[in-house]
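Student: Could you have a look at this structure, given as structure tokens, before my questions?
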Amino acid sequence: MCDICTEARQKKGRYARNGPSVFFSGIDLLLDTPEDVAHSLEREDIHRVSHLLYSHWHPDHTMGRRVLEQLNLNLRKRTKTITDVWLPSWVREDFRKMPGLEDHFQFFEKMGIVRIHEFAEDEAIKLGNTTVKAFRMAQPGLASYLVQQGGKRVVLALDEIKDWDPGSELMRPDVLVLETGWFEQDKQGEQIIPTDHWIRKSEASFEETLELVQKINPRLAIATHIEELNGRSYADYLELEKRFKKYRLRFAYDGFRVSL
């Protein structure tokens, strides 16, 4: 039995977490569509997504893409809205390789509910009064983002930060959002991931996440992509925030909000 899952079912709220995604109000920009993103958007009373970015093709970041139909197609009222989907060239390349992804978005485009835009690594795209730039990461097919508006800077690296070496342009942002990483031990001191497991070579540990936070030096760091595997609940992460206060680190929960 999963104690963390049982506690989440009982207490709900901040103890239960949907998949990782980020929404910027004002410009209605969404980053990634995990499987339960429709529930997340409904909970937060978000009914318009003007722009959509993807960090990479993995199912836990793309499988909720049908939310675009729910957001943009209203057959009863005979109305449609359109979401502009922005894909860095190397992310788009993976979309073309992986079964269903490219086909699904082309189908949405034929339905008239999305417009697909591909852009290059050094290209800054303008979304209203906001500028977005994508950067390659160490892991193939991954994109991190710099979002700038009104002198404020947000860096996003939601997943796969193993061996990531962010350049000078991403240093000292107002907010850094990145994955939490795996923990060596659970609260009882038991080893979580076997010594010879492949995750250790391909996924960042929590210690590696802390090293990145220290290197990038944001005003606020937000750790997301929090897994049941870690064996920690919302209350446990609050304790970790106190322990690692010098990193200006917060752990995300569903509905976590930041004002800039």
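Identifiers in this document derive from the order of the structure tokens: chains are assigned A, B, ..., residues are numbered from 1 separately in each chain, and ligands are numbered from 1 in order of occurrence.
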Quick one: residues within 12 Å of Ile192 of chain A, only C-alpha atoms counted, chain neighbours fewer than 2 positions away excluded, as an MDAnalysis selection string?

Tutor: chainID A and resid 182:190 194:197 199:200 205 228:232

Student: As a ChimeraX atom specification, list the residues of segment 23-105 of chain A assigned to strand (DSSP E or B) by DSSP on the backbone atoms of this structure.

Tutor: /A:23-24,29-31,51-53,73-74,79-80,83-88

Student: For Arg219 of chain A, work out the shell of residues within 9 Å, counting only C-alpha atoms and skipping chain neighbours fewer than 2 positions away, then give it as a list in words.

Tutor: Arg172, Pro173, Asp174, Val175, Leu176, Asn217, Ala221 and Arg248 of chain A

Student: So that each row is one residue of segment 1-66 of chain A with an atom at most 9 Å from segment 123-143 of chain A, can you give its shortest atom pair and the distance in Å to one decimal, using only C-alpha atoms, rows by chain and rising number, as JSON lines?

Tutor:
```
{"residue": "A:Ile27", "atom": "CA", "partner": "A:Gly128", "partner_atom": "CA", "distance": 7.0}
{"residue": "A:Leu29", "atom": "CA", "partner": "A:Leu127", "partner_atom": "CA", "distance": 8.7}
{"residue": "A:His51", "atom": "CA", "partner": "A:Leu127", "partner_atom": "CA", "distance": 8.0}
{"residue": "A:Tyr54", "atom": "CA", "partner": "A:Ala143", "partner_atom": "CA", "distance": 7.8}
{"residue": "A:Ser55", "atom": "CA", "partner": "A:Ala143", "partner_atom": "CA", "distance": 4.9}
{"residue": "A:His56", "atom": "CA", "partner": "A:Leu142", "partner_atom": "CA", "distance": 5.1}
{"residue": "A:Trp57", "atom": "CA", "partner": "A:Gly141", "partner_atom": "CA", "distance": 7.7}
```

Student: What does the file look like for those residues with all heavy atoms, as a PDB file, in the first residue's frame?

Tutor:
```
ATOM      1  N   ILE A  27      -0.914  36.557 -20.516  1.00  0.00           N
ATOM      2  CA  ILE A  27      -0.688  36.164 -21.913  1.00  0.00           C
ATOM      3  C   ILE A  27      -1.292  34.797 -22.209  1.00  0.00           C
ATOM      4  O   ILE A  27      -1.231  34.325 -23.345  1.00  0.00           O
ATOM      5  CB  ILE A  27       0.810  36.154 -22.269  1.00  0.00           C
ATOM      6  CG1 ILE A  27       1.589  35.223 -21.334  1.00  0.00           C
ATOM      7  CG2 ILE A  27       1.381  37.550 -22.247  1.00  0.00           C
ATOM      8  CD1 ILE A  27       3.029  35.013 -21.771  1.00  0.00           C
ATOM      9  N   LEU A  29      -0.409  31.702 -21.453  1.00  0.00           N
ATOM     10  CA  LEU A  29       0.620  30.801 -21.967  1.00  0.00           C
ATOM     11  C   LEU A  29       0.703  29.567 -21.077  1.00  0.00           C
ATOM     12  O   LEU A  29       0.890  29.676 -19.865  1.00  0.00           O
ATOM     13  CB  LEU A  29       1.968  31.525 -22.003  1.00  0.00           C
ATOM     14  CG  LEU A  29       3.219  30.654 -22.198  1.00  0.00           C
ATOM     15  CD1 LEU A  29       3.199  29.978 -23.570  1.00  0.00           C
ATOM     16  CD2 LEU A  29       4.484  31.504 -22.022  1.00  0.00           C
ATOM     17  N   HIS A  51      -1.458  30.446 -26.023  1.00  0.00           N
ATOM     18  CA  HIS A  51      -0.163  29.939 -26.483  1.00  0.00           C
ATOM     19  C   HIS A  51       0.213  28.695 -25.688  1.00  0.00           C
ATOM     20  O   HIS A  51      -0.049  28.612 -24.488  1.00  0.00           O
ATOM     21  CB  HIS A  51       0.923  31.005 -26.303  1.00  0.00           C
ATOM     22  CG  HIS A  51       0.609  32.302 -26.983  1.00  0.00           C
ATOM     23  ND1 HIS A  51       0.759  32.493 -28.333  1.00  0.00           N
ATOM     24  CD2 HIS A  51       0.149  33.482 -26.468  1.00  0.00           C
ATOM     25  CE1 HIS A  51       0.403  33.725 -28.632  1.00  0.00           C
ATOM     26  NE2 HIS A  51       0.034  34.345 -27.527  1.00  0.00           N
ATOM     27  N   TYR A  54       6.028  23.339 -25.423  1.00  0.00           N
ATOM     28  CA  TYR A  54       6.346  22.000 -24.924  1.00  0.00           C
ATOM     29  C   TYR A  54       7.829  21.906 -24.579  1.00  0.00           C
ATOM     30  O   TYR A  54       8.685  22.389 -25.322  1.00  0.00           O
ATOM     31  CB  TYR A  54       5.990  20.926 -25.960  1.00  0.00           C
ATOM     32  CG  TYR A  54       4.530  20.562 -25.944  1.00  0.00           C
ATOM     33  CD1 TYR A  54       3.656  21.068 -26.904  1.00  0.00           C
ATOM     34  CD2 TYR A  54       4.010  19.728 -24.963  1.00  0.00           C
ATOM     35  CE1 TYR A  54       2.303  20.742 -26.884  1.00  0.00           C
ATOM     36  CE2 TYR A  54       2.663  19.395 -24.932  1.00  0.00           C
ATOM     37  CZ  TYR A  54       1.821  19.906 -25.893  1.00  0.00           C
ATOM     38  OH  TYR A  54       0.480  19.577 -25.862  1.00  0.00           O
ATOM     39  N   SER A  55       8.115  21.263 -23.454  1.00  0.00           N
ATOM     40  CA  SER A  55       9.503  21.049 -23.049  1.00  0.00           C
ATOM     41  C   SER A  55      10.112  19.855 -23.764  1.00  0.00           C
ATOM     42  O   SER A  55      11.308  19.851 -24.051  1.00  0.00           O
ATOM     43  CB  SER A  55       9.589  20.846 -21.535  1.00  0.00           C
ATOM     44  OG  SER A  55       8.801  19.731 -21.133  1.00  0.00           O
ATOM     45  N   HIS A  56       9.304  18.819 -24.055  1.00  0.00           N
ATOM     46  CA  HIS A  56       9.765  17.637 -24.763  1.00  0.00           C
ATOM     47  C   HIS A  56       8.563  16.724 -25.014  1.00  0.00           C
ATOM     48  O   HIS A  56       7.439  17.043 -24.635  1.00  0.00           O
ATOM     49  CB  HIS A  56      10.869  16.906 -23.993  1.00  0.00           C
ATOM     50  CG  HIS A  56      10.478  16.400 -22.640  1.00  0.00           C
ATOM     51  ND1 HIS A  56       9.858  17.169 -21.690  1.00  0.00           N
ATOM     52  CD2 HIS A  56      10.648  15.175 -22.044  1.00  0.00           C
ATOM     53  CE1 HIS A  56       9.656  16.463 -20.593  1.00  0.00           C
ATOM     54  NE2 HIS A  56      10.124  15.243 -20.783  1.00  0.00           N
ATOM     55  N   TRP A  57       8.807  15.598 -25.662  1.00  0.00           N
ATOM     56  CA  TRP A  57       7.727  14.751 -26.161  1.00  0.00           C
ATOM     57  C   TRP A  57       7.194  13.732 -25.154  1.00  0.00           C
ATOM     58  O   TRP A  57       6.154  13.110 -25.398  1.00  0.00           O
ATOM     59  CB  TRP A  57       8.201  13.962 -27.392  1.00  0.00           C
ATOM     60  CG  TRP A  57       9.183  12.871 -27.064  1.00  0.00           C
ATOM     61  CD1 TRP A  57      10.545  12.978 -27.017  1.00  0.00           C
ATOM     62  CD2 TRP A  57       8.888  11.511 -26.708  1.00  0.00           C
ATOM     63  NE1 TRP A  57      11.118  11.787 -26.657  1.00  0.00           N
ATOM     64  CE2 TRP A  57      10.125  10.858 -26.462  1.00  0.00           C
ATOM     65  CE3 TRP A  57       7.702  10.781 -26.573  1.00  0.00           C
ATOM     66  CZ2 TRP A  57      10.209   9.517 -26.101  1.00  0.00           C
ATOM     67  CZ3 TRP A  57       7.789   9.434 -26.196  1.00  0.00           C
ATOM     68  CH2 TRP A  57       9.028   8.824 -25.969  1.00  0.00           C
TER      69      TRP A  57
END
```

Student: Tell me which of A:Cys2, A:Ile216, A:Met98, A:Leu41 sits closest to His58 of chain A, counting only C-alpha atoms.

Tutor: A:Met98

Student: Atom CA of Gln148 of chain A and atom CA of Leu210 of chain A, how far apart in Å?

Tutor: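 Computing it gives 23.6 Å between the two atoms.
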
Student: I'd like the neighbourhood of Asp84 of chain A as a list in words, where a residue qualifies if any of its atoms comes within 9 Å (using only C-alpha atoms), though same-chain residues fewer than 4 positions away should be ignored.

Tutor: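 Here the answer would be Val49, Ser50, His51, Leu52, Leu53, Ile113, Val114, Arg115, Ile116 and His117 of chain A.
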
Student: Take the residues from that selection and put them in a file with N, CA, C and O atoms, as a JSON list (two decimals), in the first residue's frame.

Tutor:
```
[["chain", "number", "residue", "atom", "x", "y", "z"],
["A", 49, "VAL", "N", -6.40, 29.23, -23.47],
["A", 49, "VAL", "CA", -4.96, 29.06, -23.64],
["A", 49, "VAL", "C", -4.61, 29.60, -25.02],
["A", 49, "VAL", "O", -4.90, 28.99, -26.04],
["A", 50, "SER", "N", -4.00, 30.78, -25.02],
["A", 50, "SER", "CA", -3.66, 31.42, -26.30],
["A", 50, "SER", "C", -2.40, 30.83, -26.90],
["A", 50, "SER", "O", -2.27, 30.73, -28.12],
["A", 51, "HIS", "N", -1.46, 30.45, -26.02],
["A", 51, "HIS", "CA", -0.16, 29.94, -26.48],
["A", 51, "HIS", "C", 0.21, 28.69, -25.69],
["A", 51, "HIS", "O", -0.05, 28.61, -24.49],
["A", 52, "LEU", "N", 0.85, 27.75, -26.38],
["A", 52, "LEU", "CA", 1.25, 26.49, -25.75],
["A", 52, "LEU", "C", 2.69, 26.16, -26.16],
["A", 52, "LEU", "O", 3.02, 26.15, -27.34],
["A", 53, "LEU", "N", 3.54, 25.91, -25.16],
["A", 53, "LEU", "CA", 4.91, 25.48, -25.37],
["A", 53, "LEU", "C", 5.08, 24.06, -24.85],
["A", 53, "LEU", "O", 4.38, 23.65, -23.92],
["A", 113, "ILE", "N", -8.27, 24.58, -34.69],
["A", 113, "ILE", "CA", -8.21, 24.95, -33.28],
["A", 113, "ILE", "C", -6.78, 25.19, -32.79],
["A", 113, "ILE", "O", -6.58, 25.63, -31.66],
["A", 114, "VAL", "N", -5.78, 24.92, -33.65],
["A", 114, "VAL", "CA", -4.40, 25.27, -33.31],
["A", 114, "VAL", "C", -3.70, 25.81, -34.55],
["A", 114, "VAL", "O", -4.11, 25.55, -35.69],
["A", 115, "ARG", "N", -2.65, 26.57, -34.31],
["A", 115, "ARG", "CA", -1.68, 26.94, -35.33],
["A", 115, "ARG", "C", -0.32, 26.49, -34.83],
["A", 115, "ARG", "O", 0.06, 26.81, -33.71],
["A", 116, "ILE", "N", 0.42, 25.74, -35.65],
["A", 116, "ILE", "CA", 1.71, 25.21, -35.24],
["A", 116, "ILE", "C", 2.81, 26.12, -35.74],
["A", 116, "ILE", "O", 2.86, 26.48, -36.92],
["A", 117, "HIS", "N", 3.71, 26.50, -34.85],
["A", 117, "HIS", "CA", 4.85, 27.35, -35.20],
["A", 117, "HIS", "C", 6.13, 26.64, -34.75],
["A", 117, "HIS", "O", 6.25, 26.21, -33.61]]
```

Student: Hey, can you check how far atom CA of Glu207 of chain A sits from atom CA of Ser168 of chain A?

Tutor: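 One can read the atom CA of Glu207 of chain A to atom CA of Ser168 of chain A distance as 21.6 Å.
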
Student: Please determine, counting only C-alpha atoms, which residue among A:Leu68, A:Met111, A:Ile193, A:Ala8 has the shortest atom-to-atom distance to Ala38 of chain A.

Tutor: A:Leu68

Student: In Å, with one decimal, what is the gap from atom CA of His104 of chain A to atom CA of Asp254 of chain A?

Tutor: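 That distance, rounded to one decimal, is 27.3 Å.
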
Student: Looking at A:Gly19, A:Asp28, A:Arg66, A:Leu212, which one is nearest to Arg48 of chain A, with distances taken over only C-alpha atoms?

Tutor: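 Among the listed residues, A:Asp28 lies closest to Arg48 of chain A.
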
Student: According to DSSP computed on the backbone, where in segment 65-246 of chain A is there helix (DSSP H, G or I)? Give the residues as a VMD selection string.

Tutor: chain A and resid 67 to 72 89 to 97 101 to 111 168 to 170 199 to 202 206 to 216 228 to 230 234 to 243 245 to 246

Student: Nearest to Tyr15 of chain A: which of A:Leu75, A:Ile222, A:Leu156, A:Leu238 is it, counting only C-alpha atoms?

Tutor: A:Leu238

Student: If we count only C-alpha atoms and set the cut-off at 12 Å, which residues sit around Phe256 of chain A, ignoring sequence neighbours fewer than 3 positions away in its own chain? Please answer as an NGL selection string.

Tutor: :A and (13-14 or 17-18 or 20-24 or 40 or 44 or 177 or 222-224 or 250-253 or 259)
